[in-house]
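Next comes input.cif, a file with mmCIF, C-alpha atoms.
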```cif
data_model
#
loop_
_atom_site.group_PDB
_atom_site.id
_atom_site.type_symbol
_atom_site.label_atom_id
_atom_site.label_comp_id
_atom_site.auth_asym_id
_atom_site.auth_seq_id
_atom_site.Cartn_x
_atom_site.Cartn_y
_atom_site.Cartn_z
ATOM 1 C CA MET S 23 67.530 -30.610 -38.736
ATOM 2 C CA THR S 24 65.153 -29.191 -36.220
ATOM 3 C CA LYS S 25 62.049 -31.010 -35.226
ATOM 4 C CA ASP S 26 58.705 -29.373 -35.710
ATOM 5 C CA ARG S 27 57.228 -28.779 -32.314
ATOM 6 C CA HIS S 28 53.490 -29.036 -31.849
ATOM 7 C CA CYS S 29 52.177 -25.786 -30.414
ATOM 8 C CA PRO S 30 48.564 -26.079 -29.288
ATOM 9 C CA LEU S 31 46.342 -23.231 -30.270
ATOM 10 C CA VAL S 32 45.562 -20.887 -27.407
ATOM 11 C CA ASP S 33 42.135 -19.339 -27.172
ATOM 12 C CA LEU S 34 42.933 -15.804 -26.095
ATOM 13 C CA HIS S 35 39.295 -15.159 -25.206
ATOM 14 C CA THR S 36 39.276 -17.856 -22.524
ATOM 15 C CA SER S 37 42.848 -17.511 -21.311
ATOM 16 C CA SER S 38 42.675 -13.885 -20.197
ATOM 17 C CA PRO S 39 42.668 -13.294 -16.421
ATOM 18 C CA ASN S 40 39.182 -11.871 -16.481
ATOM 19 C CA ALA S 41 37.825 -14.794 -18.497
ATOM 20 C CA MET S 42 39.440 -17.351 -16.221
ATOM 21 C CA ARG S 43 38.044 -15.593 -13.167
ATOM 22 C CA LEU S 44 34.612 -15.590 -14.758
ATOM 23 C CA ASN S 45 34.875 -19.283 -15.568
ATOM 24 C CA ARG S 46 35.719 -20.056 -11.963
ATOM 25 C CA LEU S 47 32.771 -18.040 -10.719
ATOM 26 C CA THR S 48 30.298 -19.598 -13.125
ATOM 27 C CA ARG S 49 31.349 -23.171 -12.435
ATOM 28 C CA MET S 50 29.124 -24.552 -9.736
ATOM 29 C CA SER S 51 29.783 -27.967 -8.284
ATOM 30 C CA ARG S 52 27.104 -30.572 -7.850
ATOM 31 C CA ARG S 53 27.332 -30.138 -4.106
ATOM 32 C CA ASP S 54 26.693 -26.382 -4.384
ATOM 33 C CA THR S 55 23.675 -27.027 -6.583
ATOM 34 C CA LEU S 56 22.213 -29.542 -4.156
ATOM 35 C CA MET S 57 22.825 -27.291 -1.163
ATOM 36 C CA THR S 58 21.202 -24.328 -2.889
ATOM 37 C CA GLY S 59 18.159 -26.383 -3.824
ATOM 38 C CA MET S 60 17.810 -27.768 -0.292
ATOM 39 C CA ALA S 61 18.051 -24.279 1.155
ATOM 40 C CA GLY S 62 15.302 -23.067 -1.158
ATOM 41 C CA VAL S 63 13.038 -25.952 -0.153
ATOM 42 C CA GLY S 64 13.726 -25.161 3.506
ATOM 43 C CA VAL S 65 12.733 -21.525 3.067
ATOM 44 C CA LEU S 66 9.504 -22.532 1.321
ATOM 45 C CA ALA S 67 8.707 -25.015 4.054
ATOM 46 C CA VAL S 68 9.254 -22.433 6.795
ATOM 47 C CA GLY S 69 7.125 -19.941 4.857
ATOM 48 C CA ASN S 70 4.284 -22.446 4.529
ATOM 49 C CA VAL S 71 4.392 -23.266 8.234
ATOM 50 C CA ALA S 72 4.367 -19.571 9.129
ATOM 51 C CA ALA S 73 1.443 -18.922 6.806
ATOM 52 C CA ALA S 74 -0.523 -21.812 8.268
ATOM 53 C CA ASP S 75 0.199 -20.835 11.887
ATOM 54 C CA PRO S 76 -2.718 -18.783 13.253
ATOM 55 C CA ALA S 77 -0.346 -17.095 15.700
ATOM 56 C CA THR S 78 1.357 -15.287 12.830
ATOM 57 C CA GLY S 79 -1.896 -14.162 11.191
ATOM 58 C CA ALA S 80 -3.111 -10.623 10.716
ATOM 59 C CA ASP S 81 -3.785 -8.339 13.653
ATOM 60 C CA PRO S 82 -7.499 -8.768 14.533
ATOM 61 C CA GLU S 83 -7.767 -5.067 15.415
ATOM 62 C CA LEU S 84 -6.397 -4.206 11.979
ATOM 63 C CA GLU S 85 -9.067 -6.422 10.403
ATOM 64 C CA ARG S 86 -11.731 -4.603 12.420
ATOM 65 C CA PHE S 87 -10.279 -1.279 11.291
ATOM 66 C CA MET S 88 -10.625 -2.415 7.685
ATOM 67 C CA LYS S 89 -14.290 -3.320 8.249
ATOM 68 C CA VAL S 90 -14.951 0.118 9.749
ATOM 69 C CA SER S 91 -13.120 1.724 6.825
ATOM 70 C CA THR S 92 -15.129 -0.145 4.195
ATOM 71 C CA ARG S 93 -18.365 0.898 5.916
ATOM 72 C CA LEU S 94 -17.344 4.565 6.235
ATOM 73 C CA THR S 95 -16.201 4.743 2.603
ATOM 74 C CA ASP S 96 -19.134 2.674 1.307
ATOM 75 C CA ARG S 97 -16.674 0.482 -0.582
ATOM 76 C CA ALA S 98 -16.841 -3.229 -1.194
ATOM 77 C CA SER S 99 -13.112 -3.554 -0.551
ATOM 78 C CA LEU S 100 -10.023 -1.488 0.206
ATOM 79 C CA ASP S 101 -6.314 -2.098 -0.239
ATOM 80 C CA PRO S 102 -5.130 -3.910 2.934
ATOM 81 C CA ARG S 103 -1.561 -2.628 2.503
ATOM 82 C CA ILE S 104 -2.738 0.983 2.583
ATOM 83 C CA GLY S 105 -5.066 0.135 5.458
ATOM 84 C CA LYS S 106 -2.209 -1.263 7.528
ATOM 85 C CA ALA S 107 -0.093 1.847 6.952
ATOM 86 C CA LEU S 108 -2.977 4.179 7.803
ATOM 87 C CA TYR S 109 -3.908 2.187 10.897
ATOM 88 C CA GLU S 110 -0.364 2.354 12.252
ATOM 89 C CA ARG S 111 -0.141 6.110 11.639
ATOM 90 C CA ILE S 112 -3.579 6.825 13.154
ATOM 91 C CA LEU S 113 -2.563 4.954 16.305
ATOM 92 C CA GLN S 114 0.330 7.391 16.661
ATOM 93 C CA SER S 115 -1.991 10.415 16.612
ATOM 94 C CA GLY S 116 -2.877 9.902 20.285
ATOM 95 C CA PRO S 117 -2.734 7.311 23.080
ATOM 96 C CA GLU S 118 -6.530 7.076 23.142
ATOM 97 C CA ARG S 119 -6.918 6.241 19.443
ATOM 98 C CA LYS S 120 -6.437 2.484 19.752
ATOM 99 C CA ALA S 121 -9.245 2.130 22.305
ATOM 100 C CA GLN S 122 -11.480 4.486 20.313
ATOM 101 C CA LEU S 123 -10.964 2.524 17.109
ATOM 102 C CA SER S 124 -11.789 -0.695 18.933
ATOM 103 C CA LYS S 125 -14.989 0.813 20.394
ATOM 104 C CA LEU S 126 -15.964 2.159 16.976
ATOM 105 C CA ALA S 127 -15.534 -1.326 15.506
ATOM 106 C CA THR S 128 -17.641 -2.780 18.324
ATOM 107 C CA LEU S 129 -20.389 -0.270 17.525
ATOM 108 C CA LEU S 130 -20.335 -1.347 13.878
ATOM 109 C CA GLU S 131 -20.523 -5.018 14.838
ATOM 110 C CA SER S 132 -23.457 -4.431 17.208
ATOM 111 C CA GLY S 133 -25.730 -2.826 14.609
ATOM 112 C CA ASN S 134 -26.869 -3.076 11.033
ATOM 113 C CA TYR S 135 -26.026 0.151 9.212
ATOM 114 C CA GLU S 136 -27.066 0.366 5.587
ATOM 115 C CA ASN S 137 -24.539 3.036 4.603
ATOM 116 C CA ALA S 138 -21.731 5.250 5.828
ATOM 117 C CA SER S 139 -24.029 8.137 6.695
ATOM 118 C CA ALA S 140 -26.168 6.025 9.024
ATOM 119 C CA PHE S 141 -23.116 4.597 10.768
ATOM 120 C CA ALA S 142 -21.409 8.003 11.163
ATOM 121 C CA LYS S 143 -24.545 9.565 12.688
ATOM 122 C CA ALA S 144 -24.962 6.669 15.107
ATOM 123 C CA ALA S 145 -21.295 6.851 16.080
ATOM 124 C CA GLU S 146 -21.404 10.569 16.917
ATOM 125 C CA GLN S 147 -24.593 10.076 18.924
ATOM 126 C CA ALA S 148 -22.996 7.206 20.844
ATOM 127 C CA ASP S 149 -19.828 9.184 21.639
ATOM 128 C CA PRO S 150 -18.958 12.695 20.337
ATOM 129 C CA ALA S 151 -15.274 11.692 20.423
ATOM 130 C CA PHE S 152 -15.940 9.254 17.572
ATOM 131 C CA LYS S 153 -16.337 12.255 15.279
ATOM 132 C CA ASP S 154 -12.596 12.976 15.408
ATOM 133 C CA VAL S 155 -11.797 9.286 14.933
ATOM 134 C CA ILE S 156 -13.981 9.172 11.823
ATOM 135 C CA HIS S 157 -12.248 12.309 10.524
ATOM 136 C CA ASP S 158 -8.883 10.570 10.956
ATOM 137 C CA ILE S 159 -10.074 7.502 9.065
ATOM 138 C CA MET S 160 -11.673 9.436 6.212
ATOM 139 C CA THR S 161 -8.728 11.833 5.899
ATOM 140 C CA GLY S 162 -6.400 8.855 5.755
ATOM 141 C CA TRP S 163 -8.260 7.049 2.988
ATOM 142 C CA TYR S 164 -9.284 10.044 0.881
ATOM 143 C CA ARG S 165 -6.302 12.353 1.296
ATOM 144 C CA GLY S 166 -3.674 9.724 2.100
ATOM 145 C CA VAL S 167 -2.619 11.645 5.214
ATOM 146 C CA ALA S 168 -2.571 10.286 8.766
ATOM 147 C CA ASP S 169 -1.174 11.972 11.861
ATOM 148 C CA GLY S 170 0.080 14.831 9.681
ATOM 149 C CA LYS S 171 2.166 12.487 7.495
ATOM 150 C CA VAL S 172 1.588 11.486 3.884
ATOM 151 C CA VAL S 173 1.054 7.735 3.865
ATOM 152 C CA VAL S 174 -0.104 7.291 0.268
ATOM 153 C CA TYR S 175 -0.476 9.704 -2.642
ATOM 154 C CA ARG S 176 -1.455 8.258 -6.004
ATOM 155 C CA SER S 177 -3.835 5.706 -4.497
ATOM 156 C CA ALA S 178 -5.689 8.141 -2.220
ATOM 157 C CA LEU S 179 -9.428 7.813 -2.761
ATOM 158 C CA MET S 180 -9.831 11.504 -3.569
ATOM 159 C CA PHE S 181 -8.146 10.811 -6.901
ATOM 160 C CA ASP S 182 -10.263 7.720 -7.497
ATOM 161 C CA VAL S 183 -13.447 9.772 -7.238
ATOM 162 C CA THR S 184 -12.394 12.140 -10.050
ATOM 163 C CA LYS S 185 -10.100 9.868 -12.045
ATOM 164 C CA ASP S 186 -12.263 10.284 -15.174
ATOM 165 C CA ALA S 187 -11.677 14.046 -15.215
ATOM 166 C CA ILE S 188 -8.707 15.100 -13.055
ATOM 167 C CA TYR S 189 -5.256 13.569 -12.737
ATOM 168 C CA PRO S 190 -3.118 13.810 -9.586
ATOM 169 C CA LYS S 191 -0.448 16.488 -9.545
ATOM 170 C CA THR S 192 2.833 15.319 -11.119
ATOM 171 C CA TYR S 193 0.972 12.542 -12.963
ATOM 172 C CA ALA S 194 -0.064 12.798 -16.623
ATOM 173 C CA ALA S 195 -2.221 9.809 -17.458
ATOM 174 C CA GLY S 196 -3.509 11.276 -20.733
ATOM 175 C CA GLY S 197 -1.921 11.456 -24.177
ATOM 176 C CA PRO S 198 0.096 14.345 -25.618
ATOM 177 C CA PHE S 199 -1.533 17.743 -24.996
ATOM 178 C CA TYR S 200 -4.447 16.089 -23.173
ATOM 179 C CA TRP S 201 -4.914 19.304 -21.198
ATOM 180 C CA THR S 202 -6.038 21.204 -24.293
ATOM 181 C CA THR S 203 -9.283 19.223 -24.550
ATOM 182 C CA GLN S 204 -12.407 19.991 -22.568
ATOM 183 C CA PRO S 205 -12.633 17.671 -19.543
ATOM 184 C CA PRO S 206 -15.851 15.716 -19.050
ATOM 185 C CA ASP S 207 -18.546 17.135 -16.804
ATOM 186 C CA VAL S 208 -18.715 15.861 -13.234
ATOM 187 C CA ASP S 209 -22.085 15.511 -11.560
ATOM 188 C CA LYS S 210 -22.664 17.824 -8.625
ATOM 189 C CA PRO S 211 -22.696 15.932 -5.306
ATOM 190 C CA THR S 212 -26.156 15.461 -3.869
ATOM 191 C CA GLY S 213 -25.276 13.917 -0.517
ATOM 192 C CA ALA S 214 -25.723 15.615 2.844
ATOM 193 C CA PRO S 215 -23.129 15.676 5.659
ATOM 194 C CA ALA S 216 -23.593 12.941 8.234
ATOM 195 C CA LEU S 217 -21.570 14.541 11.022
ATOM 196 C CA SER S 218 -22.106 17.870 12.730
ATOM 197 C CA PRO S 219 -20.188 20.901 11.327
ATOM 198 C CA SER S 220 -16.463 21.043 11.999
ATOM 199 C CA LYS S 221 -13.807 23.681 11.642
ATOM 200 C CA PHE S 222 -12.330 23.536 8.152
ATOM 201 C CA ASP S 223 -8.633 24.266 7.763
ATOM 202 C CA VAL S 224 -7.396 25.125 4.294
ATOM 203 C CA GLU S 225 -3.907 23.722 3.997
ATOM 204 C CA PRO S 226 -1.304 25.088 1.567
ATOM 205 C CA THR S 227 -0.625 22.947 -1.481
#
```
Spit out the file's structure as structure tokens when you get a sec.
Amino acid sequence: MTKDRHCPLVDLHTSSPNAMRLNRLTRMSRRDTLMTGMAGVGVLAVGNVAAADPATGADPELERFMKVSTRLTDRASLDPRIGKALYERILQSGPERKAQLSKLATLLESGNYENASAFAKAAEQADPAFKDVIHDIMTGWYRGVADGKVVVYRSALMFDVTKDAIYPKTYAAGGPFYWTTQPPDVDKPTGAPALSPSKFDVEPT
């Protein structure tokens, strides 16, 4: 008479090679957990020290560039990430640009200019070369182009000015068939140019 042998049930879902490999990968020892946590705390500590260290702070010339930009655009604030990208590209437009930007910032700091027009006029009177520097700054912020390169597109200020009526190319911010409705009227600009006339180049789009 044969004895009944006890055959344990085998869970085929957990005994497959793939499942066993997955189980091994998902099992984390206590030591691994502790080491991972300690590493994370170390990274946070280093980050806090770096943030608190004045030596690793923002470039003071970049901060001055942002102040000049806010005055020339008559804005309360501007995106510092875009400003950093524009500043770096404008510096590449010529070896003299860095010194010119610094002098332009010094001019702003030495006076009290109530708006962009007053500052731009004073800058051109102080040094005619500032006119080209101001063009670089304004072209960068409003068109998103610096040193002939596109730095930013959707966030260029030219789209912000008309965002209630015109959407950037390739962007459709309205609902279905929004283009069939009459766009709102835009007030005609009443401002006068602050700088002397310049050659205007119409670029292909």
*Can you list, as a ChimeraX atom specification, the residues that the PyMOL selection byres ((chain S and resi 140) around 12) selects here?*
/S:93-96,130,133-139,141-147,214-217
*Residue nearest Asp154 of chain S among S:Ala80, S:Ala187, S:Val208, S:Leu126 (counting all atoms listed in the file)*: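 When distances to Asp154 of chain S are compared using all atoms listed in the file, the smallest one comes from S:Leu126.
Rounded to one decimal, atom CA of His157 of chain S and atom CA of Pro117 of chain S lie 16.5 Å from each other.
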_I'd like the interatomic distance between atom CA of Ser91 of chain S and atom CA of Pro150 of chain S, to a tenth of an Å._
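The value is 18.4 Å.
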_Shell around Ala127 of chain S at 12 Å using all atoms listed in the file, local window under 2 positions removed, as a count of residues only_ = 30
Some atoms are missing, so please complete segment 176-187 of chain S with all heavy atoms and return it as a PDB file, in the coordinates of the input.
```pdb
ATOM      1  N   ARG S 176      -0.762   8.585  -4.764  1.00  0.00           N
ATOM      2  CA  ARG S 176      -1.455   8.258  -6.004  1.00  0.00           C
ATOM      3  C   ARG S 176      -2.716   7.427  -5.761  1.00  0.00           C
ATOM      4  O   ARG S 176      -3.712   7.570  -6.483  1.00  0.00           O
ATOM      5  CB  ARG S 176      -0.494   7.523  -6.957  1.00  0.00           C
ATOM      6  CG  ARG S 176      -1.126   7.102  -8.282  1.00  0.00           C
ATOM      7  CD  ARG S 176      -1.541   8.305  -9.097  1.00  0.00           C
ATOM      8  NE  ARG S 176      -2.175   7.943 -10.352  1.00  0.00           N
ATOM      9  CZ  ARG S 176      -3.472   7.704 -10.492  1.00  0.00           C
ATOM     10  NH1 ARG S 176      -4.269   7.767  -9.432  1.00  0.00           N
ATOM     11  NH2 ARG S 176      -3.986   7.420 -11.673  1.00  0.00           N
ATOM     12  N   SER S 177      -2.702   6.588  -4.743  1.00  0.00           N
ATOM     13  CA  SER S 177      -3.835   5.706  -4.497  1.00  0.00           C
ATOM     14  C   SER S 177      -4.835   6.264  -3.499  1.00  0.00           C
ATOM     15  O   SER S 177      -5.742   5.546  -3.070  1.00  0.00           O
ATOM     16  CB  SER S 177      -3.333   4.339  -4.000  1.00  0.00           C
ATOM     17  OG  SER S 177      -2.522   3.713  -4.982  1.00  0.00           O
ATOM     18  N   ALA S 178      -4.699   7.526  -3.111  1.00  0.00           N
ATOM     19  CA  ALA S 178      -5.689   8.141  -2.220  1.00  0.00           C
ATOM     20  C   ALA S 178      -7.046   8.169  -2.920  1.00  0.00           C
ATOM     21  O   ALA S 178      -7.135   8.413  -4.125  1.00  0.00           O
ATOM     22  CB  ALA S 178      -5.242   9.550  -1.846  1.00  0.00           C
ATOM     23  N   LEU S 179      -8.099   7.935  -2.162  1.00  0.00           N
ATOM     24  CA  LEU S 179      -9.428   7.813  -2.761  1.00  0.00           C
ATOM     25  C   LEU S 179      -9.936   9.109  -3.367  1.00  0.00           C
ATOM     26  O   LEU S 179     -10.839   9.088  -4.211  1.00  0.00           O
ATOM     27  CB  LEU S 179     -10.429   7.315  -1.707  1.00  0.00           C
ATOM     28  CG  LEU S 179     -10.203   5.890  -1.181  1.00  0.00           C
ATOM     29  CD1 LEU S 179     -11.327   5.496  -0.231  1.00  0.00           C
ATOM     30  CD2 LEU S 179     -10.092   4.891  -2.324  1.00  0.00           C
ATOM     31  N   MET S 180      -9.377  10.252  -2.975  1.00  0.00           N
ATOM     32  CA  MET S 180      -9.831  11.504  -3.569  1.00  0.00           C
ATOM     33  C   MET S 180      -9.516  11.538  -5.066  1.00  0.00           C
ATOM     34  O   MET S 180     -10.243  12.157  -5.848  1.00  0.00           O
ATOM     35  CB  MET S 180      -9.168  12.701  -2.875  1.00  0.00           C
ATOM     36  CG  MET S 180      -7.665  12.795  -3.024  1.00  0.00           C
ATOM     37  SD  MET S 180      -7.062  14.294  -2.224  1.00  0.00           S
ATOM     38  CE  MET S 180      -5.286  14.094  -2.460  1.00  0.00           C
ATOM     39  N   PHE S 181      -8.472  10.870  -5.478  1.00  0.00           N
ATOM     40  CA  PHE S 181      -8.146  10.811  -6.901  1.00  0.00           C
ATOM     41  C   PHE S 181      -9.004   9.773  -7.614  1.00  0.00           C
ATOM     42  O   PHE S 181      -9.276   9.895  -8.805  1.00  0.00           O
ATOM     43  CB  PHE S 181      -6.669  10.485  -7.099  1.00  0.00           C
ATOM     44  CG  PHE S 181      -5.750  11.560  -6.590  1.00  0.00           C
ATOM     45  CD1 PHE S 181      -4.711  11.249  -5.727  1.00  0.00           C
ATOM     46  CD2 PHE S 181      -5.918  12.877  -6.967  1.00  0.00           C
ATOM     47  CE1 PHE S 181      -3.853  12.237  -5.259  1.00  0.00           C
ATOM     48  CE2 PHE S 181      -5.081  13.871  -6.504  1.00  0.00           C
ATOM     49  CZ  PHE S 181      -4.036  13.550  -5.641  1.00  0.00           C
ATOM     50  N   ASP S 182      -9.427   8.750  -6.894  1.00  0.00           N
ATOM     51  CA  ASP S 182     -10.263   7.720  -7.497  1.00  0.00           C
ATOM     52  C   ASP S 182     -11.638   8.271  -7.841  1.00  0.00           C
ATOM     53  O   ASP S 182     -12.250   7.873  -8.826  1.00  0.00           O
ATOM     54  CB  ASP S 182     -10.385   6.536  -6.531  1.00  0.00           C
ATOM     55  CG  ASP S 182     -11.111   5.363  -7.147  1.00  0.00           C
ATOM     56  OD1 ASP S 182     -10.602   4.814  -8.137  1.00  0.00           O
ATOM     57  OD2 ASP S 182     -12.190   5.000  -6.656  1.00  0.00           O
ATOM     58  N   VAL S 183     -12.125   9.198  -7.022  1.00  0.00           N
ATOM     59  CA  VAL S 183     -13.447   9.772  -7.238  1.00  0.00           C
ATOM     60  C   VAL S 183     -13.493  10.565  -8.542  1.00  0.00           C
ATOM     61  O   VAL S 183     -14.497  10.555  -9.258  1.00  0.00           O
ATOM     62  CB  VAL S 183     -13.829  10.673  -6.042  1.00  0.00           C
ATOM     63  CG1 VAL S 183     -15.110  11.425  -6.329  1.00  0.00           C
ATOM     64  CG2 VAL S 183     -13.995   9.834  -4.783  1.00  0.00           C
ATOM     65  N   THR S 184     -12.410  11.267  -8.861  1.00  0.00           N
ATOM     66  CA  THR S 184     -12.394  12.140 -10.050  1.00  0.00           C
ATOM     67  C   THR S 184     -11.428  11.646 -11.125  1.00  0.00           C
ATOM     68  O   THR S 184     -10.984  12.433 -11.952  1.00  0.00           O
ATOM     69  CB  THR S 184     -11.998  13.569  -9.636  1.00  0.00           C
ATOM     70  OG1 THR S 184     -10.691  13.536  -9.023  1.00  0.00           O
ATOM     71  CG2 THR S 184     -12.978  14.141  -8.641  1.00  0.00           C
ATOM     72  N   LYS S 185     -11.115  10.370 -11.126  1.00  0.00           N
ATOM     73  CA  LYS S 185     -10.100   9.868 -12.045  1.00  0.00           C
ATOM     74  C   LYS S 185     -10.511   9.981 -13.512  1.00  0.00           C
ATOM     75  O   LYS S 185      -9.649   9.925 -14.402  1.00  0.00           O
ATOM     76  CB  LYS S 185      -9.752   8.417 -11.719  1.00  0.00           C
ATOM     77  CG  LYS S 185     -10.911   7.444 -11.885  1.00  0.00           C
ATOM     78  CD  LYS S 185     -10.510   6.049 -11.430  1.00  0.00           C
ATOM     79  CE  LYS S 185     -11.667   5.068 -11.536  1.00  0.00           C
ATOM     80  NZ  LYS S 185     -11.290   3.711 -11.053  1.00  0.00           N
ATOM     81  N   ASP S 186     -11.820  10.141 -13.789  1.00  0.00           N
ATOM     82  CA  ASP S 186     -12.263  10.284 -15.174  1.00  0.00           C
ATOM     83  C   ASP S 186     -12.127  11.716 -15.685  1.00  0.00           C
ATOM     84  O   ASP S 186     -12.354  11.973 -16.868  1.00  0.00           O
ATOM     85  CB  ASP S 186     -13.719   9.834 -15.309  1.00  0.00           C
ATOM     86  CG  ASP S 186     -14.654  10.666 -14.447  1.00  0.00           C
ATOM     87  OD1 ASP S 186     -14.185  11.216 -13.428  1.00  0.00           O
ATOM     88  OD2 ASP S 186     -15.841  10.751 -14.785  1.00  0.00           O
ATOM     89  N   ALA S 187     -11.744  12.642 -14.794  1.00  0.00           N
ATOM     90  CA  ALA S 187     -11.677  14.046 -15.215  1.00  0.00           C
ATOM     91  C   ALA S 187     -10.402  14.749 -14.765  1.00  0.00           C
ATOM     92  O   ALA S 187      -9.904  15.631 -15.460  1.00  0.00           O
ATOM     93  CB  ALA S 187     -12.878  14.813 -14.671  1.00  0.00           C
TER      94      ALA S 187
END
```
